[in-house]
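Structure record follows, encoded as structure tokens.
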Amino acid sequence: MSAALAQDVKRLAAELGYAACGITSAEPFAEFRAAIRARIRRFPGAAALYEPMLARAEPRRGAPWARSVVVCLRRYGKYRLPPGLAAHIGRNYLCDRRNADCPDHPMPKQFQQGLIALGLRVRRGGTPDRWAAARAGVARVGRNCFACSEHGSWINIETWLVGTALPPDPPALDLPCPDGCRACMNACPTGALVEPLVMRMDRCVAYLSYHAPEPVDPALWEKMGPWIYGCDACQLACPLNKGAWEDLEPAPWLERLAPHLTPAALAEMDETTYREHVHPAFWYIPKHDLARWHRNAHRALASSG
């Protein structure tokens, strides 16, 4: 019965467009908890960024009824990006499923509704996503701390806790990286990748660009270079991503947005244009942060001469 149900779950994921679907148990992620505690000890100044993650190590703490974790991979490395945008804004954010205009926007809601229709008790999230993906056998974590699948690291991981014990898939815990490869660490502009599998969050450009308190440390600010929001340096350098991005599908919502996302346009953008065009696509960034877009864009322009 549970094996047939697991197959129904995976069939549903495939029908909705997920690139992969795996299942693991809802048992605690003890190694993840140990890794986060090690980061806190090593980087005490960034403890506030790591501590909230500890709750994810024990999925049943918030959902004692949970028995399994369903893990889905959404591939976003399939869209034709407008020229130039990906040099300044992280591809994950350009193709963000949270943008209502993205074709993938309804996928998690539809999947959750489908799980409920299959008779499952469901709660979305509440797990360490990359570790869950590795334990469910759908991805492996590389030296740059990104999860990597057959589609490279251009993927998003989405998880659901379910109240039925489903047969777990074999894990994929081995390192996917070539022996001795340091391409990601060498490419990291701010030295946030301090060693293989160790990311210092408070130095990552993705954090510095919109979440770090201002002013950003000048020594780090200068190293952020052309990146206005997010950063893909370590992923672009990764040999596992060679050929992984394929321009398979159009991205009309990005074509409409592209003229507003150039460094020059963002550097001088007025409040009305920001609120009508840019903020709706990045609604999770506070609406009052136009000045930060300005500062990041001016730095990007300066870095390119």
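By convention in this document, the chains of the structure tokens carry letters A, B, ... by their order, each chain's residues are numbered from 1, and ligands are numbered from 1 in the order they are shown.
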
Using DSSP assignments from the backbone, pull out every residue in stretch 46-240 of chain A that falls under alpha helix (DSSP H) and give it to me as an MDAnalysis selection string. chainID A and resid 47:50 59:62 91:94 107:117 129:135 183:187 205:210 218:223 233:237

Do a neighbour search on A:Leu261 at 9 Å with only C-alpha atoms, toss out local chain neighbours closer than 3 positions, and write the hits as a list in words. Leu85, His88, Ile89, Leu257, Ala258, Ala264, Ala265, Leu266 and Val278 of chain A

Selected residues written out, C-alpha atoms, as a CSV table (one decimal), in the first residue's frame:
chain,number,residue,atom,x,y,z
A,85,LEU,CA,20.8,40.3,-16.6
A,88,HIS,CA,24.3,41.4,-12.2
A,89,ILE,CA,21.5,39.5,-10.6
A,257,LEU,CA,11.3,43.3,-16.7
A,258,ALA,CA,14.7,43.4,-18.3
A,264,ALA,CA,22.1,52.0,-15.3
A,265,ALA,CA,18.3,51.8,-14.9
A,266,LEU,CA,18.4,50.7,-11.3
A,278,VAL,CA,10.6,46.0,-9.9

Among stretch 169-293 of chain A, which residues carry a DSSP assignment of strand (DSSP E or B), reported as a ChimeraX atom specification? /A:193-195,198-199,229,249

Identify, on the basis of only C-alpha atoms, every residue whose closest approach to A:Thr127 does not exceed 7 Å; exclude the query and any residue fewer than 3 positions from it along the same chain; express the result as a list in words. Arg56, Ala57, Pro59 and Ala132 of chain A

Go ahead and dump the residues you just picked, C-alpha atoms, as a PDB file, in the first residue's frame.
ATOM      1  CA  ARG A  56      15.074  22.296  10.984  1.00  0.00           C
ATOM      2  CA  ALA A  57      17.260  19.485  12.302  1.00  0.00           C
ATOM      3  CA  PRO A  59      11.232  18.042  11.687  1.00  0.00           C
ATOM      4  CA  ALA A 132      16.883  16.240   2.918  1.00  0.00           C
TER       5      ALA A 132
END

Option closest in space to A:Trp131, from A:Glu268, A:Glu158, A:Glu222, A:Glu255 [counting only C-alpha atoms]: A:Glu158

Using only C-alpha atoms, which residues of stretch 144-260 of chain A come within 12 Å of stretch 92-111 of chain A, and what is the closest atom pair for each, with the distance in Å to one decimal? Give it as CSV, sorted by chain and residue number.
residue,atom,partner,partner_atom,distance
A:Ser153,CA,A:Asn92,CA,10.1
A:Trp154,CA,A:Asn92,CA,7.4
A:Ile155,CA,A:Asn92,CA,8.2
A:Asn156,CA,A:Asn92,CA,8.2
A:Ile157,CA,A:Pro108,CA,10.7
A:Glu158,CA,A:Pro108,CA,7.7
A:Thr159,CA,A:Pro108,CA,9.2
A:Trp160,CA,A:Pro108,CA,9.5
A:Ala206,CA,A:Tyr93,CA,10.2
A:Ile228,CA,A:Tyr93,CA,11.2
A:Tyr229,CA,A:Tyr93,CA,8.0
A:Gly230,CA,A:Tyr93,CA,7.4
A:Cys231,CA,A:Asn92,CA,9.1
A:Asp232,CA,A:Asn92,CA,8.7
A:Gln235,CA,A:Asn92,CA,10.9
A:Glu249,CA,A:Pro103,CA,10.3
A:Pro250,CA,A:Pro103,CA,10.2
A:Ala251,CA,A:Cys102,CA,7.9
A:Pro252,CA,A:Cys102,CA,8.8
A:Trp253,CA,A:Asp101,CA,6.0
A:Leu254,CA,A:Leu94,CA,7.3
A:Glu255,CA,A:Leu94,CA,10.8
A:Arg256,CA,A:Asp101,CA,10.5
A:Leu257,CA,A:Leu94,CA,9.7
A:Ala258,CA,A:Leu94,CA,9.8

Mind writing the picked residues with C-alpha atoms as a tab-separated table (two decimals), in the first residue's frame?
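Output file again_25.tsv is given in full below:
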chain	number	residue	atom	x	y	z
A	153	SER	CA	23.03	23.32	-9.18
A	154	TRP	CA	20.45	25.36	-11.09
A	155	ILE	CA	17.67	23.82	-9.01
A	156	ASN	CA	15.40	24.67	-6.09
A	157	ILE	CA	14.56	22.15	-3.39
A	158	GLU	CA	11.05	21.99	-1.97
A	159	THR	CA	10.04	19.68	0.87
A	160	TRP	CA	6.87	18.43	2.48
A	206	ALA	CA	23.86	37.06	-1.63
A	228	ILE	CA	23.42	43.92	-7.53
A	229	TYR	CA	21.33	41.16	-5.98
A	230	GLY	CA	22.66	37.69	-5.26
A	231	CYS	CA	25.78	36.13	-6.79
A	232	ASP	CA	26.46	33.16	-9.07
A	235	GLN	CA	28.10	28.18	-9.51
A	249	GLU	CA	11.91	27.72	-22.56
A	250	PRO	CA	11.12	31.41	-23.07
A	251	ALA	CA	10.95	33.76	-20.08
A	252	PRO	CA	8.49	36.46	-21.22
A	253	TRP	CA	8.12	37.90	-17.71
A	254	LEU	CA	11.86	38.57	-17.65
A	255	GLU	CA	11.79	40.09	-21.12
A	256	ARG	CA	9.24	42.62	-19.84
A	257	LEU	CA	11.26	43.28	-16.71
A	258	ALA	CA	14.72	43.39	-18.32

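The smallest atom-to-atom distance between A:Ser303 and any of A:Lys78, A:Lys223, A:His211, A:Arg41, using only C-alpha atoms, is found for A:Lys223.
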
Contacts of A:Met201 at 10 Å or less, counting only C-alpha atoms, minus same-chain residues fewer than 2 places along, as an mmCIF file with N, CA and C atoms, in the first residue's frame?
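File produced: result-v3.cif:
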data_model
loop_
_atom_site.group_PDB
_atom_site.id
_atom_site.type_symbol
_atom_site.label_atom_id
_atom_site.label_comp_id
_atom_site.auth_asym_id
_atom_site.auth_seq_id
_atom_site.Cartn_x
_atom_site.Cartn_y
_atom_site.Cartn_z
ATOM 1 N N ARG A 39 29.499 25.653 12.923
ATOM 2 C CA ARG A 39 29.603 26.988 12.306
ATOM 3 C C ARG A 39 29.448 28.078 13.360
ATOM 4 N N PHE A 43 32.262 30.760 13.764
ATOM 5 C CA PHE A 43 31.968 32.125 13.338
ATOM 6 C C PHE A 43 30.961 32.760 14.292
ATOM 7 N N ALA A 46 28.531 35.504 13.302
ATOM 8 C CA ALA A 46 27.418 35.179 12.404
ATOM 9 C C ALA A 46 26.423 34.233 13.059
ATOM 10 N N ALA A 47 26.522 34.052 14.380
ATOM 11 C CA ALA A 47 25.665 33.085 15.082
ATOM 12 C C ALA A 47 24.187 33.342 14.840
ATOM 13 N N LEU A 49 22.709 34.256 12.281
ATOM 14 C CA LEU A 49 22.284 33.753 10.974
ATOM 15 C C LEU A 49 22.132 32.242 10.984
ATOM 16 N N TYR A 50 22.915 31.581 11.812
ATOM 17 C CA TYR A 50 22.902 30.119 11.849
ATOM 18 C C TYR A 50 21.869 29.554 12.833
ATOM 19 N N ALA A 192 33.863 33.985 1.098
ATOM 20 C CA ALA A 192 32.859 33.376 1.976
ATOM 21 C C ALA A 192 33.000 31.863 2.031
ATOM 22 N N LEU A 193 33.448 31.250 0.929
ATOM 23 C CA LEU A 193 33.729 29.807 0.925
ATOM 24 C C LEU A 193 35.125 29.617 1.505
ATOM 25 N N VAL A 198 32.208 24.622 3.623
ATOM 26 C CA VAL A 198 32.083 25.575 4.730
ATOM 27 C C VAL A 198 31.854 26.978 4.164
ATOM 28 N N MET A 199 30.632 27.471 4.340
ATOM 29 C CA MET A 199 30.257 28.806 3.896
ATOM 30 C C MET A 199 30.107 29.725 5.100
ATOM 31 N N ARG A 203 29.631 36.689 4.934
ATOM 32 C CA ARG A 203 30.493 37.228 3.883
ATOM 33 C C ARG A 203 29.985 36.918 2.488
ATOM 34 N N CYS A 204 28.913 36.145 2.391
ATOM 35 C CA CYS A 204 28.369 35.765 1.086
ATOM 36 C C CYS A 204 27.717 36.974 0.418
ATOM 37 N N VAL A 205 28.000 37.183 -0.858
ATOM 38 C CA VAL A 205 27.449 38.332 -1.579
ATOM 39 C C VAL A 205 25.923 38.318 -1.566
ATOM 40 N N ALA A 206 25.320 37.138 -1.653
ATOM 41 C CA ALA A 206 23.862 37.056 -1.629
ATOM 42 C C ALA A 206 23.291 37.654 -0.346
ATOM 43 N N TYR A 207 23.988 37.450 0.758
ATOM 44 C CA TYR A 207 23.569 38.046 2.036
ATOM 45 C C TYR A 207 23.918 39.529 2.082
ATOM 46 N N LEU A 208 25.111 39.868 1.660
ATOM 47 C CA LEU A 208 25.561 41.252 1.746
ATOM 48 C C LEU A 208 24.727 42.184 0.869
#

Find the residue from A:Leu73, A:Glu214, A:Leu54, A:Ser2 that sits nearest to A:Gly119; use only C-alpha atoms when measuring. A:Ser2

From atom CA of A:Gly17 to atom CA of A:Ala244 the spacing works out at 17.4 Å

Could you work out how far atom CA of A:Tyr76 lies from atom CA of A:Gly114, giving the answer in Å with one decimal? 21.9 Å

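Note that atom CA of A:Val9 and atom CA of A:Cys21 are 8.3 Å apart.
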
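Checking A:Gln113, A:Ser68, A:Gln7, A:Asn241 one by one against A:Glu27, counting only C-alpha atoms, you find the shortest gap at A:Ser68.
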